[in-house]
file structure20.cif (mmCIF, C-alpha atoms)
data_coords
#
loop_
_atom_site.label_atom_id
_atom_site.label_comp_id
_atom_site.auth_asym_id
_atom_site.auth_seq_id
_atom_site.Cartn_x
_atom_site.Cartn_y
_atom_site.Cartn_z
CA MET L 514 99.96 116.35 91.56
CA SER L 515 96.64 117.19 93.24
CA ILE L 516 93.57 118.38 91.36
CA ASP L 517 94.02 121.86 92.85
CA GLU L 518 97.60 121.99 91.53
CA GLN L 519 96.29 121.01 88.08
CA THR L 520 93.57 123.67 88.03
CA ARG L 521 94.40 126.62 85.82
CA ASP L 522 94.10 129.94 87.64
CA LEU L 523 91.03 131.69 86.19
CA THR L 524 91.24 134.73 88.48
CA ARG L 525 91.76 137.11 85.56
CA TRP L 526 88.56 135.76 83.93
CA LEU L 527 86.33 136.47 86.93
CA GLY L 528 83.79 139.20 86.36
CA ASP L 529 82.72 139.25 82.72
CA GLY L 530 84.80 136.19 81.76
CA GLY L 531 86.90 138.32 79.42
CA MET L 532 83.83 139.03 77.30
CA PRO L 533 82.44 142.57 77.70
CA LEU L 534 79.14 141.32 76.26
CA LEU L 535 78.60 139.19 79.38
CA GLY L 536 79.05 142.24 81.60
CA HIS L 537 76.44 144.12 79.56
CA LEU L 538 74.08 141.15 79.94
CA GLY L 539 74.48 141.37 83.74
CA VAL L 540 76.76 138.34 84.30
CA SER L 541 79.58 138.25 86.83
CA PHE L 542 81.63 135.08 87.41
CA GLU L 543 82.68 134.87 91.07
CA GLY L 544 84.64 131.66 91.54
CA PHE L 545 86.00 128.40 90.19
CA ASP L 546 87.53 125.10 91.21
CA ALA L 547 88.97 122.08 89.39
CA THR L 548 85.82 121.38 87.32
CA ARG L 549 83.32 124.19 87.97
CA VAL L 550 82.77 127.90 87.60
CA TRP L 551 79.97 129.87 89.23
CA GLY L 552 78.60 133.35 89.22
CA HIS L 553 75.71 135.73 89.51
CA TRP L 554 73.44 136.94 86.74
CA THR L 555 70.94 139.78 86.92
CA PRO L 556 69.55 139.89 83.37
CA SER L 557 69.77 143.39 81.93
CA GLU L 558 67.39 144.96 79.44
CA LEU L 559 69.69 143.72 76.63
CA CYS L 560 68.72 140.13 77.53
CA CYS L 561 65.01 140.59 77.20
CA ASN L 562 62.23 140.59 74.67
CA PRO L 563 59.62 143.41 74.72
CA ARG L 564 57.68 141.58 77.48
CA GLY L 565 60.76 141.72 79.75
CA ALA L 566 61.50 137.98 79.63
CA VAL L 567 65.01 136.69 78.92
CA GLN L 568 65.25 135.62 75.27
CA ALA L 569 66.15 131.93 74.80
CA GLY L 570 69.35 132.58 72.82
CA VAL L 571 70.74 134.72 75.64
CA TYR L 572 70.71 131.69 77.93
CA THR L 573 72.92 129.92 75.40
CA VAL L 574 75.44 132.79 75.34
CA VAL L 575 75.67 132.91 79.14
CA LEU L 576 75.68 129.16 79.76
CA ASP L 577 78.16 128.46 76.94
CA ALA L 578 80.52 130.97 78.58
CA ALA L 579 80.11 129.20 81.94
CA MET L 580 80.89 125.82 80.38
CA SER L 581 83.87 127.24 78.48
CA LEU L 582 85.39 128.71 81.65
CA ALA L 583 84.84 125.47 83.59
CA ILE L 584 86.60 123.59 80.80
CA LEU L 585 89.44 126.11 80.71
CA ALA L 586 90.13 125.40 84.40
CA THR L 587 90.79 121.74 83.53
CA LEU L 588 93.13 122.31 80.59
CA PRO L 589 96.89 122.84 80.79
CA LYS L 590 98.32 126.18 79.70
CA GLY L 591 98.50 126.31 75.92
CA GLU L 592 95.27 124.38 75.38
CA PHE L 593 91.74 125.68 74.89
CA ALA L 594 88.40 124.24 73.81
CA VAL L 595 86.04 125.20 71.00
CA SER L 596 82.34 124.35 71.12
CA LEU L 597 81.19 121.70 68.66
CA ASP L 598 77.61 121.28 69.79
CA VAL L 599 75.56 123.15 72.39
CA HIS L 600 71.95 122.41 73.39
CA THR L 601 69.97 124.76 75.63
CA SER L 602 66.59 124.14 77.25
CA THR L 603 64.54 126.91 78.83
CA ILE L 604 62.55 125.37 81.69
CA ARG L 605 60.79 128.42 83.11
CA PRO L 606 60.99 132.15 82.37
CA ALA L 607 63.30 134.66 83.98
CA LEU L 608 62.66 138.39 83.83
CA ARG L 609 64.83 141.47 83.60
CA GLY L 610 66.29 142.10 87.06
CA ASP L 611 65.77 138.57 88.44
CA GLU L 612 68.59 137.30 90.63
CA LEU L 613 70.05 134.14 89.07
CA ARG L 614 72.95 131.86 89.90
CA VAL L 615 74.98 130.44 87.00
CA VAL L 616 77.04 127.26 87.34
CA GLY L 617 79.11 125.57 84.66
CA ARG L 618 80.75 122.16 85.19
CA VAL L 619 82.82 119.63 83.31
CA ILE L 620 81.12 116.24 82.95
CA LYS L 621 83.93 114.35 81.18
CA ARG L 622 87.30 115.43 79.86
CA GLY L 623 89.30 113.43 77.37
CA ARG L 624 92.40 114.33 75.39
CA ALA L 625 90.49 115.48 72.31
CA ALA L 626 86.99 116.29 73.59
CA VAL L 627 85.32 117.69 76.69
CA PHE L 628 81.66 117.46 77.70
CA ALA L 629 80.13 120.06 80.00
CA GLU L 630 76.84 121.33 81.37
CA ALA L 631 75.63 124.59 82.85
CA SER L 632 72.50 125.90 84.48
CA ALA L 633 70.81 129.12 85.53
CA ILE L 634 68.98 128.86 88.87
CA ASN L 635 66.66 131.38 90.52
CA ILE L 636 66.77 132.43 94.19
CA SER L 637 64.13 129.80 95.01
CA GLY L 638 66.53 127.10 93.76
CA GLU L 639 64.47 126.37 90.64
CA GLU L 640 66.34 125.64 87.44
CA ILE L 641 65.52 128.26 84.81
CA ALA L 642 67.63 126.99 81.92
CA GLU L 643 70.13 124.21 81.33
CA CYS L 644 72.73 123.68 78.66
CA ARG L 645 74.95 120.77 77.59
CA GLY L 646 77.85 121.02 75.23
CA ALA L 647 80.60 119.09 73.48
CA TYR L 648 83.91 120.85 72.91
CA VAL L 649 87.06 119.94 70.99
CA VAL L 650 90.44 120.55 72.65
CA GLN L 651 92.97 122.53 70.64
CA ARG L 652 96.50 123.75 71.22
CA ARG L 653 97.49 127.38 70.80
CA ARG L 654 100.21 128.32 68.38
CA PRO L 655 103.36 129.63 70.14
CA ALA L 656 102.62 133.25 69.11
CA GLU L 657 99.18 133.20 70.76
CA SER L 658 98.81 134.03 74.44
CA ASP L 659 96.79 132.14 77.04
#
call {"tool": "encode", "arguments": {"input": "structure20.cif", "output": "structure tokens"}}
result
Amino acid sequence: MSIDEQTRDLTRWLGDGGMPLLGHLGVSFEGFDATRVWGHWTPSELCCNPRGAVQAGVYTVVLDAAMSLAILATLPKGEFAVSLDVHTSTIRPALRGDELRVVGRVIKRGRAAVFAEASAINISGEEIAECRGAYVVQRRRPAESD
């Protein structure tokens, strides 16, 4: 089976990733492949402190979602991953209305754990924030849907 045949179809998660909060923050996921997800982020007023700069914790929300979706693409139906540890670094500021690219990618996937990273990049190609996370793989109960 090829990697593409193993990739879970995330089409229904494009846009706000199934989390209305992300839509309100200005995030829209646009595509995915076997180990990555990518999208566009124009930080809304909800993301920002009174000076108009994106608050550090908001990067974690957005980048954790990107990593989670990238991981989901690698897992078979019936499995999902829960974050164990997430570390975010803000490298330079972004402001309300800036045009950012968000990319989440799987670094290593095992049977019980997955490691991922994500970044927010400005239109000049400069990294704004980066995030790394460790996730534990779990299986859904039969009554739960995927």
call {"tool": "closest_residue", "arguments": {"input": "structure20.cif", "among": "L:Thr548, L:Ser596, L:Thr555, L:Thr520", "to": "L:Ile634", "atoms": "only C-alpha atoms"}}
result
L:Thr555
call {"tool": "residues_around", "arguments": {"input": "structure20.cif", "residues": "L:Ile604", "least_positions_apart": "5", "cutoff": "12 Å", "atoms": "all atoms listed in the file", "output": "PyMOL selection string"}}
result
chain L and resi 567+569+572+632-635+639-644
call {"tool": "write_last_selection", "arguments": {"input": "structure20.cif", "atoms": "C-alpha atoms", "output": "PDB file, in the frame of the given file"}}
result
ATOM      1  CA  VAL L 567      65.010 136.690  78.920  1.00  0.00           C
ATOM      2  CA  ALA L 569      66.150 131.930  74.800  1.00  0.00           C
ATOM      3  CA  TYR L 572      70.710 131.690  77.930  1.00  0.00           C
ATOM      4  CA  SER L 632      72.500 125.900  84.480  1.00  0.00           C
ATOM      5  CA  ALA L 633      70.810 129.120  85.530  1.00  0.00           C
ATOM      6  CA  ILE L 634      68.980 128.860  88.870  1.00  0.00           C
ATOM      7  CA  ASN L 635      66.660 131.380  90.520  1.00  0.00           C
ATOM      8  CA  GLU L 639      64.470 126.370  90.640  1.00  0.00           C
ATOM      9  CA  GLU L 640      66.340 125.640  87.440  1.00  0.00           C
ATOM     10  CA  ILE L 641      65.520 128.260  84.810  1.00  0.00           C
ATOM     11  CA  ALA L 642      67.630 126.990  81.920  1.00  0.00           C
ATOM     12  CA  GLU L 643      70.130 124.210  81.330  1.00  0.00           C
ATOM     13  CA  CYS L 644      72.730 123.680  78.660  1.00  0.00           C
TER      14      CYS L 644
END
call {"tool": "resolve_selection", "arguments": {"input": "structure20.cif", "expression": "the PyMOL selection byres ((chain L and resi 608) around 9)", "output": "PyMOL selection string"}}
result
chain L and resi 555-557+560-561+564-567+606-607+609-611
call {"tool": "closest_residue", "arguments": {"input": "structure20.cif", "among": "L:Arg618, L:Val571, L:Ser541, L:Ala631", "to": "L:Thr587", "atoms": "all atoms listed in the file"}}
result
L:Arg618
call {"tool": "closest_residue", "arguments": {"input": "structure20.cif", "among": "L:Leu597, L:Ile636, L:Val650, L:Val574", "to": "L:Glu612", "atoms": "only C-alpha atoms"}}
result
L:Ile636
call {"tool": "atom_distance", "arguments": {"input": "structure20.cif", "atom1": "atom CA of L:Gly544", "atom2": "atom CA of L:Gly646"}}
result
20.6 Å
call {"tool": "residues_near_point", "arguments": {"input": "structure20.cif", "point": "(79.1, 125.2, 90.4)", "cutoff": "12 Å", "atoms": "only C-alpha atoms", "output": "mmCIF file with C-alpha atoms, in the frame of the given file"}}
result
data_model
loop_
_atom_site.group_PDB
_atom_site.id
_atom_site.type_symbol
_atom_site.label_atom_id
_atom_site.label_comp_id
_atom_site.auth_asym_id
_atom_site.auth_seq_id
_atom_site.Cartn_x
_atom_site.Cartn_y
_atom_site.Cartn_z
ATOM 1 C CA PHE L 542 81.630 135.080 87.410
ATOM 2 C CA GLU L 543 82.680 134.870 91.070
ATOM 3 C CA GLY L 544 84.640 131.660 91.540
ATOM 4 C CA PHE L 545 86.000 128.400 90.190
ATOM 5 C CA ASP L 546 87.530 125.100 91.210
ATOM 6 C CA ALA L 547 88.970 122.080 89.390
ATOM 7 C CA THR L 548 85.820 121.380 87.320
ATOM 8 C CA ARG L 549 83.320 124.190 87.970
ATOM 9 C CA VAL L 550 82.770 127.900 87.600
ATOM 10 C CA TRP L 551 79.970 129.870 89.230
ATOM 11 C CA GLY L 552 78.600 133.350 89.220
ATOM 12 C CA HIS L 553 75.710 135.730 89.510
ATOM 13 C CA LEU L 576 75.680 129.160 79.760
ATOM 14 C CA ALA L 579 80.110 129.200 81.940
ATOM 15 C CA MET L 580 80.890 125.820 80.380
ATOM 16 C CA LEU L 582 85.390 128.710 81.650
ATOM 17 C CA ALA L 583 84.840 125.470 83.590
ATOM 18 C CA ARG L 614 72.950 131.860 89.900
ATOM 19 C CA VAL L 615 74.980 130.440 87.000
ATOM 20 C CA VAL L 616 77.040 127.260 87.340
ATOM 21 C CA GLY L 617 79.110 125.570 84.660
ATOM 22 C CA ARG L 618 80.750 122.160 85.190
ATOM 23 C CA VAL L 619 82.820 119.630 83.310
ATOM 24 C CA ILE L 620 81.120 116.240 82.950
ATOM 25 C CA ALA L 629 80.130 120.060 80.000
ATOM 26 C CA GLU L 630 76.840 121.330 81.370
ATOM 27 C CA ALA L 631 75.630 124.590 82.850
ATOM 28 C CA SER L 632 72.500 125.900 84.480
ATOM 29 C CA ALA L 633 70.810 129.120 85.530
ATOM 30 C CA ILE L 634 68.980 128.860 88.870
#
call {"tool": "atom_distance", "arguments": {"input": "structure20.cif", "atom1": "atom CA of L:Val599", "atom2": "atom CA of L:Phe628"}}
result
9.9 Å
